[in-house]
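A quick write-up on the structure given underneath.
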Amino acid sequence: MMRHAISPTPLAAAGAMLLALSLTVSGAAAPAPEWSKPINGLVARLELSRGEPFEGVQIIKTRIFLKNVQTAASLLSIDWPHWKLTWHVEDAAGNVLAKANGPYDGESPIPQELVLPFQGELSFDITEHGAGVIPGKTFAMLDLGPENVWAIPHDGKTYYLKGSLEIAQQGNQPPHRHWFGKIDLPAVAIPTAPAAEKQR
């Protein structure tokens with residue numbers, strides 16, 4: 001049986017070129033925030049976004065991503081109730097922004113144990129909603145719990161959220177099954193400016 005090679009028509013070739021171009025353009029989105037260095041088979045990163053304003057104050061939403069990057073095909077159990085999370089906010093020059101802790105009225109979700117399959121990834125919102133706002137006094141509010149609240153001012157600076165998450169080893173649990181260690185999360189810019197303003 002003879003096989004015949006069919007040459008594409010000019011129209012088909014043009015269509016394929018347009019498709020390739022559209023895929024290239026659509027894939028040129030802003031890169032995702034940087035992952036942390038792997039510690040005992042786990043990497044993590046943060047993602048910040050603008051939530052709905054409240055009383056004229058921009059609310060910042062915070063999401064955390066966790067990924068199992070172990071080389072062995074193994075589940076990774078994360079004892080989230082025992083996580084210790086540490087946060088701070090600073091500008092590009094490294095100047096730390098003071099916290100705006102004050103009256104607080106809110107509840108945090110009850111943490112549960114997390115299980116990541118091999119090469120699995122999960123994310124969830126860690127934004128809290130208990131801090132009070134003073135209309136007109138702040139540009140954005142970052143709320144990560146009663147002791148971690150920041151009021152981002154109108155001063156033209158870009159501020160960054162930095163943090164770490166840590167869990168101590170529980171007994172003689174092996175790290176490839178029950179994760180423990182300390183991860184330093186890469187800094188993420190706090191998105192205080194509207195998207196339209198960023199493009200100018």
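As shown in the structure tokens, the chain order sets the letters A, B, ...; within each chain, residues go from 1, and ligands are also counted from 1 in the order they appear.
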
Select from segment 113-188 of chain A every residue with an atom at most 10 Å from any atom of segment 78-102 of chain A, then for each give the shortest pair of atoms and their distance in Å to one decimal, using only C-alpha atoms, rows by chain and rising number, as CSV.
residue,atom,partner,partner_atom,distance
A:Glu113,CA,A:Asp79,CA,4.8
A:Leu114,CA,A:Ile78,CA,5.0
A:Val115,CA,A:Ile78,CA,6.1
A:Leu116,CA,A:Ile78,CA,7.8
A:Gly130,CA,A:Gly102,CA,10.0
A:Ala131,CA,A:Gly102,CA,7.3
A:Gly132,CA,A:Gly102,CA,7.7
A:Val133,CA,A:Gly102,CA,10.0
A:Met141,CA,A:Ala100,CA,9.3
A:Leu142,CA,A:Ala100,CA,9.5
A:Asp143,CA,A:Asn101,CA,9.4
A:Leu144,CA,A:Trp87,CA,8.5
A:Gly145,CA,A:Asn101,CA,9.2
A:Pro146,CA,A:Asn101,CA,6.8
A:Glu147,CA,A:Asn101,CA,6.0
A:Asn148,CA,A:Lys99,CA,6.7
A:Val149,CA,A:Ala100,CA,5.4
A:Trp150,CA,A:Lys99,CA,4.9
A:Ala151,CA,A:Ala100,CA,6.0
A:Ile152,CA,A:Leu97,CA,8.3
A:Pro153,CA,A:Leu97,CA,9.6
A:Lys157,CA,A:Asp91,CA,6.7
A:Thr158,CA,A:Asp91,CA,5.9
A:Tyr159,CA,A:Asp91,CA,4.4
A:Tyr160,CA,A:Glu90,CA,5.4
A:Leu161,CA,A:Val89,CA,4.7
A:Lys162,CA,A:His88,CA,5.5
A:Gly163,CA,A:Trp87,CA,4.3
A:Ser164,CA,A:Thr86,CA,5.3
A:Leu165,CA,A:Leu85,CA,4.5
A:Glu166,CA,A:Lys84,CA,5.0
A:Ile167,CA,A:Trp83,CA,5.0
A:Ala168,CA,A:His82,CA,7.9
A:Gln169,CA,A:Asp79,CA,10.0
A:Gln170,CA,A:Asp79,CA,9.4
A:Pro175,CA,A:Ile78,CA,10.0
A:Arg177,CA,A:Ile78,CA,8.6
A:His178,CA,A:Ile78,CA,6.0
A:Trp179,CA,A:Ile78,CA,5.5
A:Phe180,CA,A:Ile78,CA,7.8
A:Gly181,CA,A:Trp83,CA,9.9
A:Lys182,CA,A:Lys84,CA,9.1
A:Ile183,CA,A:Leu85,CA,9.8
A:Asp184,CA,A:Thr86,CA,9.5
A:Leu185,CA,A:Trp87,CA,9.5
A:Ala187,CA,A:Val89,CA,9.0
A:Val188,CA,A:Val89,CA,9.6

Legend entry - Interatomic distance, atom CA of Leu76 of chain A to atom CA of Asp125 of chain A (Å, one decimal):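 Interatomic distance, atom CA of Leu76 of chain A to atom CA of Asp125 of chain A: 20.3 Å.
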
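Candidate residues A:Gly156, A:Ile39, A:Thr138, A:Val69 were compared for distance to Pro117 of chain A, and the nearest is A:Val69, using only C-alpha atoms.
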
Inset, instruction - For each of A:Arg63, A:Arg45, A:His154, A:Lys37, take the minimum atom-to-atom distance to Phe124 of chain A, counting only C-alpha atoms, then give the residue where this is smallest. - result: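 Distance minimum relative to Phe124 of chain A lands on A:Arg63.
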
Inset, instruction - Report the distance between atom CA of Pro33 of chain A and atom CA of Ser108 of chain A in Å, rounded to one decimal place. - result: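 These atoms are spaced 25.2 Å apart.
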
Inset, instruction - For atom CA of Thr192 of chain A and atom CA of Arg50 of chain A, determine how far apart the two atoms are, in Å to one decimal place. - result: 7.3 Å

Legend entry - Given only C-alpha atoms as the counted atoms, nearest of A:Ala140, A:Asp155, A:Ser36, A:Pro186 to Glu52 of chain A: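 Using only C-alpha atoms, Glu52 of chain A sits closest to A:Ala140.
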
Legend entry - Pick from A:Ala44, A:Ile134, A:Leu75, A:Ile190, whichever lies nearest to Thr62 of chain A using only C-alpha atoms: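 Once distances to Thr62 of chain A are computed over only C-alpha atoms, the minimum belongs to A:Ile190.
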
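Within segment 147-197 of chain A, DSSP run on the backbone puts these residues in strand (DSSP E or B): Val149, Trp150, Ala151, Ile152, Tyr159, Tyr160, Leu161, Lys162, Gly163, Ser164, Leu165, Glu166, Ile167, His178, Gly181, Lys182, Ile183, Asp184, Leu185, Pro186, Ala187, Val188 and Ala189 of chain A.
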
How would the residues just picked look written out with C-alpha atoms as a compact mmCIF listing (two decimals), in the first residue's frame?
# COMPACT_ATOMS: atom_id res chain seq x y z
CA VAL A 149 -2.49 42.96 60.86
CA TRP A 150 -1.03 45.67 58.65
CA ALA A 151 -2.52 48.93 57.39
CA ILE A 152 -0.70 49.75 54.14
CA TYR A 159 5.46 46.72 50.28
CA TYR A 160 6.26 43.02 50.47
CA LEU A 161 4.94 40.23 52.64
CA LYS A 162 7.59 37.84 53.94
CA GLY A 163 7.12 34.89 56.19
CA SER A 164 8.12 31.47 57.36
CA LEU A 165 6.26 28.35 58.35
CA GLU A 166 7.64 25.80 60.72
CA ILE A 167 6.71 22.58 62.47
CA HIS A 178 5.31 13.28 58.36
CA GLY A 181 11.23 21.64 59.28
CA LYS A 182 11.20 25.36 58.54
CA ILE A 183 10.44 26.98 55.19
CA ASP A 184 11.25 30.61 54.42
CA LEU A 185 8.61 31.92 52.03
CA PRO A 186 9.84 34.14 49.17
CA ALA A 187 8.69 37.77 49.43
CA VAL A 188 5.56 38.72 47.51
CA ALA A 189 4.59 42.26 46.55

Which of segment 47-199 of chain A DSSP labels helix (DSSP H, G or I), written as a tab-separated table (two decimals) with N, CA and C atoms, in the first residue's frame:
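part-v4.tsv, written as the output of this step:
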chain	number	residue	atom	x	y	z
A	80	TRP	N	-0.93	20.31	60.09
A	80	TRP	CA	-1.19	21.76	60.03
A	80	TRP	C	-1.54	22.38	61.39
A	81	PRO	N	-2.25	21.68	62.29
A	81	PRO	CA	-2.55	22.30	63.58
A	81	PRO	C	-1.32	22.73	64.37
A	82	HIS	N	-0.15	22.15	64.06
A	82	HIS	CA	1.07	22.49	64.80
A	82	HIS	C	2.00	23.43	64.02
A	195	ALA	N	-5.17	47.01	38.85
A	195	ALA	CA	-4.50	46.44	37.69
A	195	ALA	C	-4.33	47.46	36.57
A	196	ALA	N	-5.33	48.33	36.36
A	196	ALA	CA	-5.24	49.33	35.30
A	196	ALA	C	-4.10	50.30	35.54
A	197	GLU	N	-3.84	50.64	36.81
A	197	GLU	CA	-2.77	51.57	37.12
A	197	GLU	C	-1.41	50.91	36.92
A	198	LYS	N	-1.31	49.59	37.18
A	198	LYS	CA	-0.03	48.89	37.03
A	198	LYS	C	0.41	48.85	35.59
